[in-house]
Structure formats: C-alpha cells, structure tokens
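With compact mmCIF, C-alpha atoms and all ligand atoms inside, this is work-v3.txt:
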# COMPACT_ATOMS: atom_id res chain seq x y z
CA MET A 299 0.00 0.00 0.00
CA HIS A 300 1.32 3.42 -0.94
CA TYR A 301 2.43 5.73 1.87
CA LYS A 302 -0.04 8.50 0.96
CA LYS A 303 -2.88 5.99 0.85
CA ILE A 304 -1.93 4.73 4.31
CA VAL A 305 -1.95 8.27 5.69
CA LYS A 306 -5.28 9.02 3.98
CA LEU A 307 -6.96 5.81 5.20
CA PHE A 308 -5.51 5.78 8.70
CA TYR A 309 -5.15 9.43 9.63
CA LEU A 310 -7.09 9.00 12.88
CA PRO A 311 -4.92 6.17 14.31
CA ILE A 312 -1.86 8.00 13.01
CA LEU A 313 -2.89 11.13 14.92
CA ARG A 314 -4.03 9.26 18.03
CA ARG A 315 -1.13 6.82 18.33
CA GLY A 316 1.60 8.82 16.71
CA SER A 317 5.10 9.23 18.07
CA LEU A 318 8.30 10.60 16.62
CA LYS A 319 9.58 7.05 16.06
CA LYS A 320 6.42 6.08 14.17
CA TYR A 321 6.44 9.23 12.03
CA LEU A 322 10.10 8.76 11.15
CA ASN A 323 9.32 5.16 10.21
CA LEU A 324 6.59 6.43 7.87
CA VAL A 325 9.14 8.71 6.19
CA ARG A 326 11.54 5.75 5.81
CA MET A 327 8.67 3.64 4.44
CA ASN A 328 7.90 6.31 1.86
CA ARG A 329 11.57 6.33 0.83
CA ASP A 330 11.55 2.51 0.57
CA LEU A 331 8.39 2.51 -1.54
CA LYS A 332 9.72 5.18 -3.90
CA SER A 333 13.06 3.44 -4.37
CA LYS A 334 11.31 0.04 -4.81
CA THR A 335 14.05 -1.52 -2.72
CA ILE A 336 13.92 -5.21 -1.87
CA LEU A 337 15.58 -4.70 1.51
CA ALA A 338 13.40 -2.25 3.40
CA ASN A 339 14.80 0.12 6.01
CA SER A 340 11.38 0.61 7.57
CA PHE A 341 8.98 -1.46 9.64
CA PRO A 342 5.28 -2.11 8.98
CA SER A 343 2.89 0.58 10.17
CA ILE A 344 -0.08 -1.75 10.13
CA ALA A 345 0.10 -5.41 11.11
CA VAL A 346 -2.37 -7.99 9.84
CA ILE A 347 -2.00 -11.00 12.13
CA ASP A 348 -4.14 -14.09 11.75
CA PRO A 349 -4.88 -15.83 15.09
CA THR A 350 -5.83 -18.86 13.01
CA ASN A 351 -6.51 -19.86 9.43
CA TYR A 352 -9.32 -22.20 10.44
CA CYS A 353 -12.86 -21.07 9.74
CA ASN A 354 -16.27 -22.54 10.40
CA LEU A 355 -17.81 -20.92 7.32
CA HIS A 356 -17.38 -21.98 3.71
CA CYS A 357 -17.41 -18.82 1.64
CA PRO A 358 -17.06 -19.80 -2.01
CA LEU A 359 -14.27 -17.38 -2.97
CA CYS A 360 -12.11 -17.94 0.10
CA PRO A 361 -9.15 -20.36 0.11
CA THR A 362 -9.74 -21.00 3.82
CA GLY A 363 -13.44 -21.64 3.36
CA GLN A 364 -12.75 -23.98 0.45
CA GLY A 365 -10.01 -25.90 2.28
CA ARG A 366 -7.27 -24.77 -0.12
CA GLN A 367 -4.77 -23.78 2.61
CA SER A 368 -1.63 -25.91 2.46
CA SER A 369 -1.44 -26.02 6.25
CA GLN A 370 -3.54 -24.74 9.10
CA GLY A 371 -2.89 -23.84 12.70
CA TYR A 372 -3.34 -21.49 15.61
CA LEU A 373 -1.10 -18.59 16.56
CA SER A 374 0.38 -19.09 20.01
CA PHE A 375 0.28 -16.24 22.46
CA GLU A 376 4.08 -16.45 22.85
CA LEU A 377 4.69 -15.94 19.11
CA TYR A 378 2.11 -13.16 18.98
CA GLU A 379 3.76 -11.41 21.91
CA LYS A 380 7.23 -11.82 20.36
CA VAL A 381 6.13 -10.28 17.04
CA LEU A 382 4.19 -7.49 18.73
CA ASN A 383 7.08 -6.59 21.02
CA GLN A 384 9.28 -6.05 17.96
CA LEU A 385 6.73 -4.14 15.88
CA ALA A 386 4.72 -2.18 18.47
CA PRO A 387 7.03 0.89 18.45
CA TYR A 388 6.17 1.38 14.75
CA LEU A 389 2.53 0.28 14.55
CA PHE A 390 -0.54 2.45 14.24
CA GLU A 391 -2.95 -0.48 13.84
CA VAL A 392 -3.14 -4.21 14.45
CA TRP A 393 -5.78 -6.21 12.62
CA LEU A 394 -6.41 -9.58 14.23
CA TYR A 395 -8.20 -11.22 11.31
CA ASN A 396 -7.63 -12.06 7.69
CA TRP A 397 -8.05 -15.61 6.38
CA GLY A 398 -9.83 -17.29 9.27
CA GLU A 399 -12.23 -16.93 12.17
CA PRO A 400 -10.09 -15.36 14.93
CA PHE A 401 -12.33 -16.49 17.77
CA LEU A 402 -11.69 -20.14 16.97
CA ASN A 403 -8.28 -19.53 18.54
CA LYS A 404 -8.77 -20.03 22.27
CA ASN A 405 -6.16 -17.35 22.99
CA ALA A 406 -8.13 -14.84 20.93
CA ALA A 407 -11.42 -16.01 22.41
CA SER A 408 -10.07 -15.51 25.92
CA ARG A 409 -8.88 -12.04 24.93
CA ASP A 410 -5.24 -12.91 25.50
CA LEU A 411 -4.53 -11.55 22.04
CA VAL A 412 -7.15 -8.82 21.82
CA GLY A 413 -6.24 -5.82 23.89
CA THR A 414 -2.62 -6.82 24.41
CA PRO A 415 -0.95 -4.52 21.88
CA ASN A 416 0.66 -1.56 23.52
CA ILE A 417 0.74 0.63 20.45
S1 LIG B 501 -12.17 -16.73 6.49
FE1 LIG B 501 -13.75 -15.21 6.06
S2 LIG B 501 -14.06 -15.33 3.87
FE2 LIG B 501 -12.98 -17.20 4.48
S3 LIG B 501 -14.57 -18.75 4.86
FE3 LIG B 501 -14.14 -17.72 6.80
S4 LIG B 501 -15.64 -16.04 6.93
FE4 LIG B 501 -15.54 -16.74 4.80
Render the structure in this file as structure tokens.
Ligand code: SF4
Amino acid sequence: MHYKKIVKLFYLPILRRGSLKKYLNLVRMNRDLKSKTILANSFPSIAVIDPTNYCNLHCPLCPTGQGRQSSQGYLSFELYEKVLNQLAPYLFEVWLYNWGEPFLNKNAASRDLVGTPNI
C-alpha cells in the first residue's frame, strides 16, 4: 500500500497513536516505496495478524473456506507477543483477522490476544 494511501486511510490512528519514532518510520517507508528496494529500512505501520486460518464458514471465494490452505494452525500467544514486542514501536494499527475466524483460537477467544498490543 502506498504511503499517501496509508496516511489518507488511517489518519485518525496516526494522529491518536503517533510518536516521533512512528512518524520517522513512515518517512523511511515512503523512501523505501519510492526506491522500490527489496531490503526495506522501515517497519510495517499496520500489522495484519491471523490468530488462526481455520474457519467454520465456507465462503465460495475464500481459500480458507474452500479448504485450499496448504497447512492450518493457531497462533500461540508467545509468538504473537514476540512479534508485537518487535513491531509495536512502529505500529498504528493491528488487525487480528484475515483468512480465518479469529475467535476459533482459544487465545483470541479468551482475549489474550485482543487488547494486548501496547501501540
Ligand atoms: S475466512 Fe472469512 S471469507 Fe474465508 S470462509 Fe471464513 S468467513 Fe468466509
């Protein structure tokens, strides 16, 4: 996603959760995107983390729903915490869903994952 689009879409979280470190990371991200470098010097500003790629629905266009995932599993709280601890200083948003039903993960259901990020 282009830097300007990120700022346009997420201006409220950027304003609410901004810090000098996060703003400087956005500048570095913009530089990385413009130079089309393979080795980025910036960190993600938005994290999309799947607590699981299991789902109890069967949506016809979804690889998860159609059982086309090569492997499936649940994100452990320890791994989630490890990733978040590294990325939190740069994140404006964390999305805890993508290709699965997050509340099938008992950690997510017990709110061990939700509410933990200190961003
Ligand atoms: S992950 Fe989302 S899109 Fe896929 S089957 Fe489940 S509800 Fe449907």
So that each row is one residue of chain A with an atom at most 8 Å from ligand LIG 501 (chain B), can you give its shortest atom pair and the distance in Å to one decimal, using only C-alpha atoms and all ligand atoms, rows by chain and rising number, as a Markdown table?
| residue | atom | partner | partner_atom | distance |
| --- | --- | --- | --- | --- |
| A:Asn351 | CA | B:LIG501 | S1 | 7.1 |
| A:Tyr352 | CA | B:LIG501 | S1 | 7.3 |
| A:Cys353 | CA | B:LIG501 | FE3 | 4.6 |
| A:Asn354 | CA | B:LIG501 | FE3 | 6.4 |
| A:Leu355 | CA | B:LIG501 | S3 | 4.6 |
| A:His356 | CA | B:LIG501 | S3 | 4.4 |
| A:Cys357 | CA | B:LIG501 | FE4 | 4.2 |
| A:Pro358 | CA | B:LIG501 | S3 | 7.4 |
| A:Leu359 | CA | B:LIG501 | S2 | 7.1 |
| A:Cys360 | CA | B:LIG501 | FE2 | 4.5 |
| A:Pro361 | CA | B:LIG501 | FE2 | 6.6 |
| A:Thr362 | CA | B:LIG501 | FE2 | 5.0 |
| A:Gly363 | CA | B:LIG501 | S3 | 3.4 |
| A:Gln364 | CA | B:LIG501 | S3 | 7.1 |
| A:Asn396 | CA | B:LIG501 | S1 | 6.6 |
| A:Trp397 | CA | B:LIG501 | S1 | 4.3 |
| A:Gly398 | CA | B:LIG501 | S1 | 3.7 |
| A:Glu399 | CA | B:LIG501 | S1 | 5.7 |
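Among the candidate residues A:Asn405, A:Asn383, A:Asn339, A:Thr350, the one lying nearest to Arg326 (chain A) is A:Asn339, with distances computed using all atoms listed in the file.
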Using CA of Pro311 (chain A) and CA of Phe390 (chain A) as the two end points, give the distance in Å to one decimal.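 Result for CA of Pro311 (chain A) versus CA of Phe390 (chain A): 5.7 Å, one decimal.
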Figure out the distance between CA of Pro349 (chain A) and CA of Ser368 (chain A), please, to one decimal in Å.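 Spanning CA of Ser368 (chain A) to CA of Pro349 (chain A) is a straight-line distance of 16.5 Å.
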Minimum-distance residue to Arg315 (chain A), chosen among A:Asn403, A:Ser374, A:Ser369, A:Ser343 (using only C-alpha atoms):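 Using only C-alpha atoms, Arg315 (chain A) sits closest to A:Ser343.
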Two-atom distance - CA of Lys380 (chain A), CA of Ala406 (chain A) (Å): 15.7 Å
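For the residues A:Glu376, A:Leu382, A:Tyr388, A:Ala338, ranking by smallest atom-to-atom distance to Leu324 (chain A) using only C-alpha atoms places A:Tyr388 first.
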Nearest residue to Asn328 (chain A) out of A:Tyr395, A:Pro400, A:Ile304, A:Leu310, using all atoms listed in the file?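 When distances to Asn328 (chain A) are compared using all atoms listed in the file, the smallest one comes from A:Ile304.
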Could you please give me, as a CSV table (one decimal) with C-alpha atoms, in the coordinates of the input, the residues of protein, DNA or RNA lying at most 9 Å from (1.1, 2.7, 12.6) in the coordinate frame of the file, considering only C-alpha atoms?
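That gives us result_19.csv:
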chain,number,residue,atom,x,y,z
A,308,PHE,CA,-5.5,5.8,8.7
A,311,PRO,CA,-4.9,6.2,14.3
A,312,ILE,CA,-1.9,8.0,13.0
A,315,ARG,CA,-1.1,6.8,18.3
A,316,GLY,CA,1.6,8.8,16.7
A,320,LYS,CA,6.4,6.1,14.2
A,321,TYR,CA,6.4,9.2,12.0
A,323,ASN,CA,9.3,5.2,10.2
A,324,LEU,CA,6.6,6.4,7.9
A,342,PRO,CA,5.3,-2.1,9.0
A,343,SER,CA,2.9,0.6,10.2
A,344,ILE,CA,-0.1,-1.8,10.1
A,345,ALA,CA,0.1,-5.4,11.1
A,386,ALA,CA,4.7,-2.2,18.5
A,387,PRO,CA,7.0,0.9,18.4
A,388,TYR,CA,6.2,1.4,14.8
A,389,LEU,CA,2.5,0.3,14.6
A,390,PHE,CA,-0.5,2.4,14.2
A,391,GLU,CA,-3.0,-0.5,13.8
A,392,VAL,CA,-3.1,-4.2,14.4
A,417,ILE,CA,0.7,0.6,20.4
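With all atoms listed in the file as the atoms that count, the residue of A:Lys302, A:Leu373, A:Phe401, A:Val381 with the shortest distance to Leu331 (chain A) is A:Lys302.
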Rank nothing, just name the residue among A:Trp393, A:Ser340, A:Arg366, A:Phe375 nearest to Lys319 (chain A), using only C-alpha atoms.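 Nearest candidate to Lys319 (chain A) out of A:Trp393, A:Ser340, A:Arg366, A:Phe375: A:Ser340.
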Set up a box along x, y and z of the file covering all listed atoms of region 355-369 of chain A, add 4 Å on every one of the six sides, and write the centre and edge lengths in Å to one decimal, as lines of an AutoDock Vina configuration file.
center_x = -9.6
center_y = -21.7
center_z = 2.2
size_x = 24.4
size_y = 16.6
size_z = 18.3
